[in-house]
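The file work-v3.txt contains compact mmCIF, C-alpha atoms:
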```txt
# COMPACT_ATOMS: atom_id res chain seq x y z
CA MET A 1 106.30 134.03 91.32
CA ALA A 2 105.16 135.93 94.42
CA SER A 3 105.66 139.58 95.28
CA GLU A 4 107.37 140.78 98.42
CA MET A 5 105.26 140.87 101.56
CA ASP A 6 107.01 140.86 104.94
CA GLU A 7 104.45 140.48 107.69
CA ASP A 8 103.29 138.56 110.71
CA GLY A 9 99.61 138.28 111.38
CA PHE A 10 96.43 136.30 111.78
CA LEU A 11 94.14 135.12 109.01
CA ALA A 12 90.47 134.67 109.82
CA VAL A 13 89.20 131.26 108.72
CA GLU A 14 85.93 129.55 109.53
CA GLY A 15 85.93 129.06 113.29
CA GLY A 16 89.47 130.31 113.88
CA ARG A 17 92.47 132.53 113.17
CA LEU A 18 95.67 131.17 111.65
CA TYR A 19 98.92 132.73 112.82
CA TYR A 20 101.37 133.15 109.93
CA GLU A 21 104.65 134.81 108.97
CA SER A 22 105.74 135.86 105.49
CA ARG A 23 109.16 137.13 104.39
CA GLY A 24 111.11 137.96 101.27
CA SER A 25 110.24 137.86 97.57
CA GLY A 26 110.57 135.44 94.71
CA PRO A 27 109.16 131.94 94.16
CA ALA A 28 106.97 130.94 97.09
CA LEU A 29 108.21 128.33 99.57
CA VAL A 30 105.62 127.42 102.22
CA PHE A 31 106.52 125.45 105.35
CA VAL A 32 104.02 123.23 107.21
CA HIS A 33 105.14 121.97 110.62
CA ALA A 34 105.08 118.56 112.29
CA GLY A 35 102.53 117.33 114.81
CA ILE A 36 105.06 117.49 117.65
CA ALA A 37 106.04 121.06 116.79
CA ASP A 38 104.82 124.40 115.48
CA SER A 39 105.98 126.88 112.85
CA SER A 40 109.07 127.85 114.86
CA MET A 41 110.64 124.51 113.89
CA TRP A 42 111.49 126.20 110.58
CA ASP A 43 113.64 129.01 112.07
CA ARG A 44 116.81 127.95 110.28
CA GLN A 45 115.00 127.47 106.95
CA PHE A 46 113.27 130.85 107.14
CA ALA A 47 116.61 132.58 107.66
CA ALA A 48 118.28 130.60 104.88
CA PHE A 49 115.69 131.00 102.12
CA GLU A 50 114.16 134.45 102.62
CA SER A 51 116.92 136.12 100.58
CA ASP A 52 115.72 134.55 97.32
CA HIS A 53 112.24 133.21 98.03
CA ARG A 54 108.92 134.31 99.38
CA VAL A 55 108.89 132.16 102.52
CA VAL A 56 105.73 131.51 104.51
CA ARG A 57 105.11 129.50 107.65
CA TYR A 58 102.06 129.19 109.88
CA ASP A 59 100.68 127.36 112.89
CA MET A 60 97.99 124.80 112.15
CA ARG A 61 94.93 124.68 114.36
CA ASN A 62 95.64 123.38 117.88
CA PHE A 63 99.30 124.43 117.55
CA GLY A 64 101.42 127.46 118.39
CA ARG A 65 99.66 130.83 118.27
CA THR A 66 96.75 129.84 116.02
CA GLU A 67 93.31 130.11 117.60
CA THR A 68 90.39 127.81 116.82
CA GLU A 69 86.90 127.08 118.00
CA ASP A 70 85.52 123.55 118.38
CA VAL A 71 84.59 123.17 114.71
CA ALA A 72 85.30 120.61 112.04
CA PHE A 73 88.05 121.67 109.65
CA ALA A 74 90.48 120.36 107.04
CA ASP A 75 94.11 121.45 107.31
CA TRP A 76 94.58 121.53 103.55
CA GLU A 77 91.61 123.92 103.25
CA ASP A 78 93.22 126.24 105.80
CA LEU A 79 96.46 126.15 103.82
CA ALA A 80 94.62 126.95 100.58
CA ALA A 81 92.90 129.88 102.30
CA LEU A 82 96.26 131.20 103.50
CA LEU A 83 97.78 131.03 100.02
CA HIS A 84 94.77 132.87 98.60
CA ALA A 85 94.95 135.58 101.26
CA LEU A 86 98.66 136.11 100.61
CA GLN A 87 98.04 136.23 96.85
CA ILE A 88 100.30 133.26 96.22
CA GLU A 89 99.21 131.58 93.01
CA GLN A 90 101.57 128.61 93.29
CA ALA A 91 104.12 127.39 95.82
CA VAL A 92 106.51 124.61 96.65
CA ILE A 93 105.12 123.14 99.88
CA VAL A 94 107.57 121.81 102.47
CA GLY A 95 105.71 119.59 104.92
CA ALA A 96 107.16 117.81 107.94
CA SER A 97 105.57 114.65 109.34
CA MET A 98 101.89 115.56 109.85
CA GLY A 99 102.60 118.61 107.70
CA ALA A 100 103.57 116.28 104.86
CA THR A 101 100.09 114.74 104.94
CA VAL A 102 98.65 118.27 104.70
CA ALA A 103 100.92 119.09 101.76
CA VAL A 104 99.82 115.93 99.94
CA GLY A 105 96.19 116.76 100.68
CA LEU A 106 96.59 120.19 99.11
CA ALA A 107 98.29 118.71 96.04
CA LEU A 108 95.37 116.32 95.58
CA GLU A 109 92.51 118.71 96.29
CA ARG A 110 93.95 121.96 94.92
CA PRO A 111 96.68 120.90 92.48
CA GLU A 112 96.72 124.29 90.74
CA LEU A 113 98.29 125.79 93.89
CA VAL A 114 101.25 123.40 94.07
CA ARG A 115 104.48 123.60 92.03
CA GLY A 116 106.27 120.89 93.97
CA LEU A 117 106.34 119.01 97.27
CA ILE A 118 109.13 118.42 99.77
CA LEU A 119 107.96 115.79 102.25
CA MET A 120 110.23 115.56 105.28
CA SER A 121 109.79 112.55 107.59
CA PRO A 122 106.32 111.93 106.11
CA GLY A 123 103.82 111.20 108.85
CA ILE A 124 101.17 108.58 109.51
CA PHE A 125 98.79 108.55 106.55
CA PRO A 126 95.39 106.85 106.95
CA GLY A 127 95.74 103.33 105.63
CA HIS A 128 99.18 102.74 107.13
CA GLU A 129 99.31 99.78 109.50
CA PRO A 130 101.28 100.94 112.57
CA SER A 131 104.26 98.89 113.67
CA GLY A 132 104.41 97.22 117.05
CA GLU A 133 106.90 99.85 118.20
CA LEU A 134 104.58 102.68 117.25
CA ARG A 135 101.58 100.99 118.89
CA ARG A 136 103.55 100.54 122.11
CA GLY A 137 104.58 104.18 122.04
CA TRP A 138 101.03 105.36 121.54
CA ARG A 139 99.83 103.07 124.33
CA SER A 140 102.44 104.46 126.74
CA LEU A 141 101.51 108.01 125.76
CA GLY A 142 97.85 107.32 126.38
CA GLN A 143 98.56 105.84 129.80
CA ALA A 144 100.70 108.82 130.80
CA MET A 145 98.11 111.34 129.66
CA ASP A 146 95.25 109.44 131.33
CA ALA A 147 97.27 109.61 134.57
CA GLY A 148 97.86 113.35 134.14
CA GLN A 149 101.61 112.79 133.73
CA THR A 150 102.35 115.38 131.07
CA GLU A 151 106.09 115.46 131.67
CA ARG A 152 106.24 111.69 131.36
CA ALA A 153 104.29 111.92 128.10
CA LEU A 154 106.78 114.47 126.78
CA ASP A 155 109.63 112.15 127.75
CA ILE A 156 107.99 109.36 125.76
CA GLU A 157 107.54 111.60 122.71
CA MET A 158 111.23 112.55 122.86
CA GLU A 159 112.21 108.89 123.11
CA MET A 160 109.99 107.97 120.15
CA TRP A 161 110.92 110.74 117.76
CA ILE A 162 114.20 112.32 118.85
CA ASP A 163 116.41 110.18 121.05
CA ARG A 164 115.56 106.86 119.36
CA GLY A 165 117.12 104.72 122.08
CA ASN A 166 120.41 103.82 120.41
CA ARG A 167 121.64 107.35 119.74
CA ARG A 168 122.68 108.20 123.29
CA SER A 169 126.28 108.37 122.08
CA GLU A 170 125.31 111.15 119.62
CA PRO A 171 122.77 113.23 121.53
CA VAL A 172 120.89 116.07 119.89
CA GLU A 173 122.16 119.53 120.75
CA ALA A 174 120.67 120.69 124.06
CA GLY A 175 119.14 123.87 122.67
CA VAL A 176 117.46 121.97 119.86
CA ARG A 177 116.06 119.39 122.29
CA GLN A 178 114.71 122.16 124.51
CA GLN A 179 112.95 123.82 121.60
CA MET A 180 111.51 120.50 120.45
CA ARG A 181 110.16 119.78 123.91
CA ALA A 182 108.69 123.26 124.32
CA MET A 183 106.85 123.05 121.00
CA ASN A 184 105.46 119.64 121.89
CA ALA A 185 104.37 120.84 125.33
CA ARG A 186 102.44 123.70 123.70
CA ALA A 187 100.71 121.23 121.39
CA TYR A 188 99.65 119.23 124.45
CA GLU A 189 98.16 122.36 126.01
CA LEU A 190 96.10 122.95 122.86
CA ALA A 191 94.93 119.35 122.47
CA SER A 192 96.53 118.88 119.06
CA ASP A 193 94.98 115.42 118.69
CA ALA A 194 91.48 116.94 118.63
CA PRO A 195 89.13 114.67 116.63
CA ASN A 196 87.60 117.52 114.59
CA ARG A 197 90.22 117.30 111.84
CA LYS A 198 88.35 116.11 108.74
CA PRO A 199 90.00 113.20 106.92
CA LEU A 200 90.78 113.35 103.23
CA ARG A 201 88.26 111.44 101.12
CA PRO A 202 89.24 109.28 99.31
CA PRO A 203 92.44 108.69 101.32
CA ALA A 204 95.68 110.06 99.89
CA LEU A 205 97.49 106.72 99.67
CA SER A 206 94.85 105.42 97.25
CA ARG A 207 95.43 108.20 94.69
CA LEU A 208 99.09 109.15 94.78
CA ASP A 209 99.29 108.68 91.01
CA GLN A 210 97.24 111.87 90.62
CA ILE A 211 100.13 114.02 91.91
CA ARG A 212 102.19 114.98 88.88
CA VAL A 213 104.44 117.70 90.30
CA PRO A 214 108.02 116.89 91.35
CA VAL A 215 108.22 115.44 94.85
CA LEU A 216 111.21 115.10 97.16
CA ILE A 217 111.06 112.79 100.19
CA VAL A 218 113.66 113.41 102.91
CA SER A 219 113.96 111.20 105.97
CA GLY A 220 116.44 110.40 108.72
CA SER A 221 118.14 107.04 109.07
CA LEU A 222 117.36 106.92 112.82
CA ASP A 223 113.66 107.72 112.54
CA MET A 224 110.80 105.43 113.55
CA PRO A 225 110.55 102.41 111.18
CA ASP A 226 107.02 103.51 110.26
CA ILE A 227 108.39 106.67 108.66
CA ASP A 228 110.65 104.63 106.41
CA SER A 229 107.71 102.38 105.49
CA ILE A 230 105.55 105.36 104.59
CA ALA A 231 108.37 106.99 102.62
CA ARG A 232 108.79 103.78 100.62
CA ARG A 233 105.06 103.59 99.94
CA LEU A 234 105.03 107.20 98.74
CA GLU A 235 108.09 106.51 96.60
CA ARG A 236 106.32 103.57 94.93
CA GLY A 237 103.07 105.47 94.34
CA LEU A 238 104.18 108.93 93.20
CA PRO A 239 104.96 109.35 89.48
CA ASN A 240 107.69 112.01 89.80
CA VAL A 241 109.60 111.41 93.02
CA GLU A 242 113.09 111.21 94.46
CA ARG A 243 114.26 110.39 97.97
CA VAL A 244 117.17 111.29 100.21
CA VAL A 245 117.99 109.54 103.50
CA VAL A 246 120.09 111.62 105.92
CA PRO A 247 122.39 109.55 108.17
CA ASN A 248 122.57 109.89 111.94
CA THR A 249 119.39 111.91 112.38
CA ALA A 250 115.82 111.24 113.42
CA HIS A 251 112.40 112.85 112.91
CA LEU A 252 112.99 116.62 112.90
CA LEU A 253 116.10 116.44 110.78
CA ASN A 254 115.76 120.05 109.59
CA MET A 255 116.50 121.11 113.18
CA GLU A 256 119.15 118.50 113.87
CA GLN A 257 121.07 119.04 110.63
CA PRO A 258 119.79 122.34 109.21
CA GLU A 259 122.70 122.98 106.84
CA ARG A 260 122.38 119.52 105.28
CA PHE A 261 118.60 119.81 104.99
CA ASN A 262 118.84 123.28 103.42
CA GLU A 263 121.39 121.99 100.93
CA ILE A 264 119.05 119.14 99.93
CA VAL A 265 116.16 121.56 99.49
CA ARG A 266 118.23 123.96 97.40
CA GLU A 267 119.37 121.17 95.10
CA PHE A 268 115.75 120.12 94.52
CA LEU A 269 114.72 123.71 93.82
CA ARG A 270 117.62 124.21 91.40
CA LYS A 271 116.71 121.02 89.58
CA HIS A 272 113.00 121.62 89.22
CA HIS A 273 112.25 125.29 89.81
CA GLN A 274 114.87 127.47 88.19
CA ASP A 275 112.74 130.62 88.33
```
Structure re-expressed in structure tokens:
Amino acid sequence: MASEMDEDGFLAVEGGRLYYESRGSGPALVFVHAGIADSSMWDRQFAAFESDHRVVRYDMRNFGRTETEDVAFADWEDLAALLHALQIEQAVIVGASMGATVAVGLALERPELVRGLILMSPGIFPGHEPSGELRRGWRSLGQAMDAGQTERALDIEMEMWIDRGNRRSEPVEAGVRQQMRAMNARAYELASDAPNRKPLRPPALSRLDQIRVPVLIVSGSLDMPDIDSIARRLERGLPNVERVVVPNTAHLLNMEQPERFNEIVREFLRKHHQD
């Protein structure tokens, strides 16, 4: 259980300052954003859960409003430092895409801090063999960035993760698409693919059986095939896991279908975390 602490601020960490927001009181629910986004992707979840939870979100290094120097760091260590600073003894961690890899890292390295995991559209874990589609997307992104074509690169990201080619008949709401693009553009400005992120050793996929807390995997039916492959691998390797696939949505399904995503989260919390 966490006490009430409504605040926005910056937490000093080695070589940087993490921007964070905290609202409400009750069991702690901590949101970790995707690698094409920042903490604002959780707007609809913050509003929905702050009435009965202590909700926390933050920008990882090289994203949003967080500031960092050119130093080596581990995202899970930053998250642990934030929980300590906010006096949160345990939390359910909700991680999206890259944020899901951070959540898993925290559960492996600091299991005493984690009551449960909600892994949305789990991202590319080391050890996953990328599909041909993902390799082609990365290659096109690299070519666009090498040519200084940032807008073209953003178009490619949207095609890979949001529009998914065959969903033109059911386009994502314009305001949601604009927010997605703006978050991704900010990540480009901050060089979010900086190589100074320290990898988890040993890799997470080799020790999933060590995670004993309840885990929920949520993914969209229209997402990149790699995300489904990773979700299946997590489902096979985690001892206490369940999975939900949301139809007609892609990578950032919490933004595309916030009411459905919130409902799924609430059901998981009711089932496993009554207090």
Quiz prompt | Residue neighbourhood region 212-227 of chain A, 9 Å, all atoms listed in the file, exclusion window fewer than 4 positions, as a VMD selection string | solution = chain A and resid 97 107 111 114 to 124 128 to 131 133 to 134 160 to 164 166 to 167 208 231 to 232 234 to 235 238 to 253 261 264 to 265 268 272
Counting all atoms listed in the file, which residues of region 124-242 of chain A fall within 10 Å of region 74-80 of chain A, and what is the closest atom pair for each with its distance in Å at one decimal, ordered by chain and rising number, as CSV?
```
residue,atom,partner,partner_atom,distance
A:Asn196,CA,A:Ala74,CA,8.6
A:Arg197,CA,A:Ala74,CA,5.7
A:Lys198,CA,A:Ala74,CA,5.0
A:Pro199,CA,A:Ala74,CA,7.2
A:Leu200,CA,A:Ala74,CA,8.0
```
Store the residues picked out above in a file with C-alpha atoms, as an mmCIF file, in the coordinates of the input.
```cif
data_model
loop_
_atom_site.group_PDB
_atom_site.id
_atom_site.type_symbol
_atom_site.label_atom_id
_atom_site.label_comp_id
_atom_site.auth_asym_id
_atom_site.auth_seq_id
_atom_site.Cartn_x
_atom_site.Cartn_y
_atom_site.Cartn_z
ATOM 1 C CA ASN A 196 87.600 117.520 114.590
ATOM 2 C CA ARG A 197 90.220 117.300 111.840
ATOM 3 C CA LYS A 198 88.350 116.110 108.740
ATOM 4 C CA PRO A 199 90.000 113.200 106.920
ATOM 5 C CA LEU A 200 90.780 113.350 103.230
#
```
Quiz item: Nearest to Leu205 (chain A) among A:Gly148, A:Gly137, A:Gly127, A:Gly95, with distances taken over only C-alpha atoms: which residue is it?
Solution: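 Checking each candidate against Leu205 (chain A), we get A:Gly127 as the closest.
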Quiz item: Which residues, written as a ChimeraX atom specification, have at least one atom at most 6 Å from Ala34 (chain A), with all atoms listed in the file counted and residues fewer than 3 positions away on the same chain left out?
Solution: /A:37,96-99
Practice problem: Using CA of Ala191 (chain A) and CA of Trp138 (chain A) as the two end points, give the distance in Å to one decimal. | Solution: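 These two atoms are separated by 15.3 Å.
Minimum atom-to-atom distance to Ala47 (chain A), evaluated using all atoms listed in the file, belongs to A:Asn262 out of A:Asn262, A:Val13, A:Ala81, A:Met180.
For the atom pair formed by CA of Glu67 (chain A) and CA of Trp42 (chain A), the distance is 19.9 Å, given to one decimal.
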Quiz item: Quick one: of A:Arg54, A:Arg136, A:Arg65, A:Arg201, who's nearest to Gln87 (chain A), counting all atoms listed in the file?
Solution: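 Counting all atoms listed in the file, the residue closest to Gln87 (chain A) is A:Arg54.
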Practice problem: For CA of Val176 (chain A) and CA of Glu50 (chain A), determine how far apart the two atoms are, in Å to one decimal place. | Solution: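 Rounded to one decimal, the two atoms are 21.5 Å apart.
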Compile the contact shell of Leu18 (chain A) as a CSV table (one decimal) with C-alpha atoms, keeping the file's coordinate frame: residues with an atom at most 6 Å away, counting only C-alpha atoms, same-chain residues fewer than 2 positions apart removed.
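Generated output (out_25.csv):
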```csv
chain,number,residue,atom,x,y,z
A,10,PHE,CA,96.4,136.3,111.8
A,11,LEU,CA,94.1,135.1,109.0
A,66,THR,CA,96.8,129.8,116.0
```
Exercise. Go through A:Ala174, A:Ile156, A:Leu113, A:Ala100 and flag the residue nearest Ser140 (chain A), using all atoms listed in the file for the distances.
Key: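 Checking each of A:Ala174, A:Ile156, A:Leu113, A:Ala100 against Ser140 (chain A), counting all atoms listed in the file, the winner is A:Ile156.
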Quiz item: Out of A:Pro202, A:Gly16, A:Gly237, A:Gly175, which residue has the shortest atom-to-atom distance to Asn62 (chain A) when counting all atoms listed in the file?
Solution: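 Comparing A:Pro202, A:Gly16, A:Gly237, A:Gly175 against Asn62 (chain A), the winner is A:Gly16.
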Please report, as AutoDock Vina command-line options, the centre and edge lengths in Å to one decimal of an axis-aligned box covering all listed atoms of region 135-151 of chain A with 6 Å per side.
```
--center_x 100.7 --center_y 108.0 --center_z 126.7 --size_x 22.8 --size_y 26.9 --size_z 27.7
```
Self-check item: Nearest to Pro27 (chain A), chosen from A:Asp43, A:Asp8, A:Asp59, A:Glu89, with only C-alpha atoms counted in the distances
Solution: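 Counting only C-alpha atoms, the residue closest to Pro27 (chain A) is A:Glu89.
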